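For reference, the structure is listed below as structure tokens.
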Amino acid sequence: MLEEGKRQGRPTVAITNDRSSPLAAAADHVIELHAGVERSVAATKTYTAQLAVMALLAATWSGQTQRLTELQQLPRAMETTLAAAGDVARRAERYRYMDQCVVISRGYNYATALELALKLKELTYVQAVAYSSADFRHGPIATIYAGLPVILIMPSGAALDDMLDLAQDLQSRGAELLIISDDAHAQALATTLLPMTGSLPEWLSPLAAIMPGQLLALHVTQAKGFDTDQPRGLHKVTRTL
């Protein structure tokens with residue numbers, strides 16, 4: 001795809017953790033992640049680093065100094081979220097025998113839902129399916145049954161009220177709610193709370209919201225006795241045509 005962009009005369013940029021990679025060699029410009037060696041097949045720190053780079057680019061291109069100031073909140077916010085790692089480890093044991101779940105969010109964190117569902121599939125072999133809350137109401141909600149684990153990513157922001165309404169509906173149907181949120185009303189609905197910091201503006205919330213999910217995937221994998229770095233059937237490099 002990058003080579004096709006170059007063929008059409010477009011400038012190309014590679015965001016990569018490896019300056020010596022073929023992707024970096026083919027691009028006109030390279031932005032390095034500097035995340036350190038990613039040994040796990042199911043990459044996590046490079047995902048988060050890529051989000052940070054894109055946030056930096058967006059803030060710079062916006063020309064709004066407030067955006068750049070808000071970015072300075074990231075290290076502390078992520079540190080605070082990681083401080084709850086021990087709680088996530090203890091709570092993950094409950095889902096040792098989970099074999100399917102649903103992951104739901106909306107807005108900025110729809111991509112977070114997709115990423116978390118992917119990590120659960122890669123590492124725990126759970127059939128995790130991601131949805132936007134808007135799409136979920138139009139059919140898939142019929143699949144909910146009592147005790148089904150549903151992971152809701154619902155930080156403070158424009159999408160919160162819609163997610164709260166959905167959470168209450170799912171709770172009335174007997175779903176078991178795992179909630180990633182900084183909001184007290186959302187947290188009160190959780191069967192299993194996966195807390196995140198509340199200090200970030202909504203546009204940066206995906207950087208903190210994915211971290212409790214990454215920890216959940218890690219500890220469920222360990223509880224199931226699987227290899228956290230080398231999932232079955234996966235390879236670090238996947239070749240496609």
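Every chain in the structure tokens takes a letter, A first, then B, and so on in the order presented; its residues are numbered from 1, and the ligands are numbered from 1 following the presented order.
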
Which parts of region 10-122 of chain A does DSSP call alpha helix (DSSP H) when run on the backbone here, written out as number ranges by chain? A: 22-26, 45-62, 65-71, 74-82, 85-92, 110-122

Contacts of Gln230 (chain A) at 12 Å (only C-alpha atoms; same-chain gap of 3+ positions) as a PyMOL selection string: chain A and resi 38-43+122-124+221+226-227+233-236

Give me a file of those residues, with C-alpha atoms, as a compact mmCIF listing (two decimals), in the first residue's frame.
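After the write, selection.txt holds the following:
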# COMPACT_ATOMS: atom_id res chain seq x y z
CA GLU A 38 8.35 -5.73 21.43
CA ARG A 39 8.85 -9.39 22.30
CA SER A 40 5.20 -10.35 22.56
CA VAL A 41 3.41 -11.43 19.40
CA ALA A 42 0.27 -9.67 20.66
CA ALA A 43 1.85 -6.21 20.70
CA GLU A 122 -5.17 -13.54 20.40
CA LEU A 123 -4.15 -14.24 24.00
CA THR A 124 -7.04 -15.96 25.78
CA THR A 221 -4.29 -15.51 29.82
CA PHE A 226 -1.54 -19.93 28.30
CA ASP A 227 1.66 -18.36 26.98
CA GLY A 233 -0.84 -20.31 15.72
CA LEU A 234 0.50 -16.74 15.58
CA HIS A 235 3.80 -15.37 14.35
CA LYS A 236 5.47 -12.01 14.89

Report as a Markdown table: every residue of region 13-69 of chain A with an atom at most 12 Å from region 205-215 of chain A, its closest pair of atoms, and their distance in Å to one decimal, counting only C-alpha atoms, with rows sorted by chain and ascending residue number.
| residue | atom | partner | partner_atom | distance |
| --- | --- | --- | --- | --- |
| A:Ala42 | CA | A:Gln214 | CA | 10.1 |
| A:Ala43 | CA | A:Gln214 | CA | 10.0 |
| A:Thr44 | CA | A:Gln214 | CA | 7.2 |
| A:Lys45 | CA | A:Met211 | CA | 9.5 |
| A:Thr46 | CA | A:Leu207 | CA | 11.5 |
| A:Tyr47 | CA | A:Leu207 | CA | 9.2 |
| A:Thr48 | CA | A:Leu207 | CA | 6.1 |
| A:Ala49 | CA | A:Leu207 | CA | 8.7 |
| A:Gln50 | CA | A:Leu207 | CA | 9.7 |
| A:Leu51 | CA | A:Leu207 | CA | 6.7 |
| A:Ala52 | CA | A:Leu207 | CA | 7.3 |
| A:Val53 | CA | A:Leu207 | CA | 10.9 |
| A:Met54 | CA | A:Leu207 | CA | 10.9 |
| A:Ala55 | CA | A:Leu207 | CA | 9.4 |

Write a file of the just-selected residues containing C-alpha atoms, as a PDB file, in the first residue's frame.
ATOM      1  CA  ALA A  42       0.273  -9.672  20.655  1.00  0.00           C
ATOM      2  CA  ALA A  43       1.851  -6.205  20.699  1.00  0.00           C
ATOM      3  CA  THR A  44       0.568  -3.831  23.384  1.00  0.00           C
ATOM      4  CA  LYS A  45       3.131  -1.118  24.066  1.00  0.00           C
ATOM      5  CA  THR A  46       3.582  -0.427  20.365  1.00  0.00           C
ATOM      6  CA  TYR A  47      -0.192  -0.005  20.007  1.00  0.00           C
ATOM      7  CA  THR A  48      -0.223   2.546  22.815  1.00  0.00           C
ATOM      8  CA  ALA A  49       2.856   4.291  21.412  1.00  0.00           C
ATOM      9  CA  GLN A  50       1.220   4.539  17.989  1.00  0.00           C
ATOM     10  CA  LEU A  51      -1.820   6.195  19.576  1.00  0.00           C
ATOM     11  CA  ALA A  52       0.489   8.685  21.280  1.00  0.00           C
ATOM     12  CA  VAL A  53       2.219   9.540  17.993  1.00  0.00           C
ATOM     13  CA  MET A  54      -1.091  10.103  16.232  1.00  0.00           C
ATOM     14  CA  ALA A  55      -2.275  12.287  19.121  1.00  0.00           C
TER      15      ALA A  55
END

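Distances here use only C-alpha atoms; by that measure, the residue among A:Leu189, A:Ala142, A:Val150, A:Leu56 closest to Val102 (chain A) is A:Val150.
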
Straight-line distance linking CA of Ala85 (chain A) with CA of Leu114 (chain A), stated in Å to one decimal: 21.4 Å

If DSSP is run on the backbone, what residues of chain A are strand (DSSP E)? A reply as a ChimeraX atom specification would be ideal. /A:13-16,29-32,100-105,127-132,149-153,176-181,192-195

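Close contacts of region 152-154 of chain A, defined as residues with an atom at most 9 Å away when counting only C-alpha atoms, with chain neighbours fewer than 5 positions off set aside, comprise Val102, Val103, Ile104, Ser105, Arg106, Asn109, Tyr110, Thr112, Ala113, Ala159, Leu160, Met163, Leu164, Ala167, Leu177, Leu178, Ile179, Ile180, Ser181, Asp182, Asp183, Ala186, Ala209, Ile210 and Gly213 of chain A.
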
Using only C-alpha atoms, which protein or nucleic acid residues come within 12 Å of Leu57 (chain A)? Drop anything in the same chain fewer than 5 positions from it, and give the result as a ChimeraX atom specification. /A:13,15,31,50-52,62-64,67-68,71

May I have the residues from that selection written out with N, CA and C atoms, as a short mmCIF file (atom, residue, chain, number, x, y, z; two decimals), in the first residue's frame?
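File written: result_9.cif
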data_model
loop_
_atom_site.label_atom_id
_atom_site.label_comp_id
_atom_site.auth_asym_id
_atom_site.auth_seq_id
_atom_site.Cartn_x
_atom_site.Cartn_y
_atom_site.Cartn_z
N VAL A 13 4.65 8.30 4.98
CA VAL A 13 5.20 8.34 6.34
C VAL A 13 5.03 6.97 6.97
N ILE A 15 5.12 5.02 10.57
CA ILE A 15 5.16 5.07 12.03
C ILE A 15 5.53 3.67 12.48
N ILE A 31 8.70 8.05 11.47
CA ILE A 31 8.49 8.46 12.86
C ILE A 31 8.70 7.22 13.73
N GLN A 50 1.76 4.04 19.25
CA GLN A 50 1.22 4.54 17.99
C GLN A 50 0.09 5.54 18.24
N LEU A 51 -0.77 5.25 19.22
CA LEU A 51 -1.82 6.19 19.58
C LEU A 51 -1.22 7.53 20.00
N ALA A 52 -0.15 7.46 20.80
CA ALA A 52 0.49 8.69 21.28
C ALA A 52 1.06 9.50 20.12
N SER A 62 -3.37 20.73 14.53
CA SER A 62 -4.54 21.55 14.89
C SER A 62 -4.17 23.01 15.12
N GLY A 63 -2.91 23.25 15.49
CA GLY A 63 -2.49 24.60 15.79
C GLY A 63 -3.01 25.13 17.11
N GLN A 64 -3.62 24.26 17.93
CA GLN A 64 -4.19 24.67 19.22
C GLN A 64 -3.20 24.32 20.33
N ARG A 67 -4.18 21.76 23.03
CA ARG A 67 -4.03 20.33 22.75
C ARG A 67 -2.65 19.83 23.19
N LEU A 68 -1.64 20.61 22.89
CA LEU A 68 -0.29 20.22 23.28
C LEU A 68 -0.14 20.23 24.80
N LEU A 71 -1.69 17.09 26.23
CA LEU A 71 -0.83 15.92 26.04
C LEU A 71 0.15 15.72 27.20
#

Pick the closest to Ser132 (chain A) from A:Ala190, A:Ala84, A:Ala146, A:Ala111: which is it, counting only C-alpha atoms? A:Ala111

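Restricting the calculation to only C-alpha atoms, the smallest distance between Gln100 (chain A) and any of A:Ala83, A:Ala128, A:Leu74, A:Ile151 is found for A:Ala128.
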
Compile the contact shell of Ala89 (chain A) as a count of residues only: residues with an atom at most 9 Å away, counting only C-alpha atoms, same-chain residues fewer than 6 positions apart removed. 5
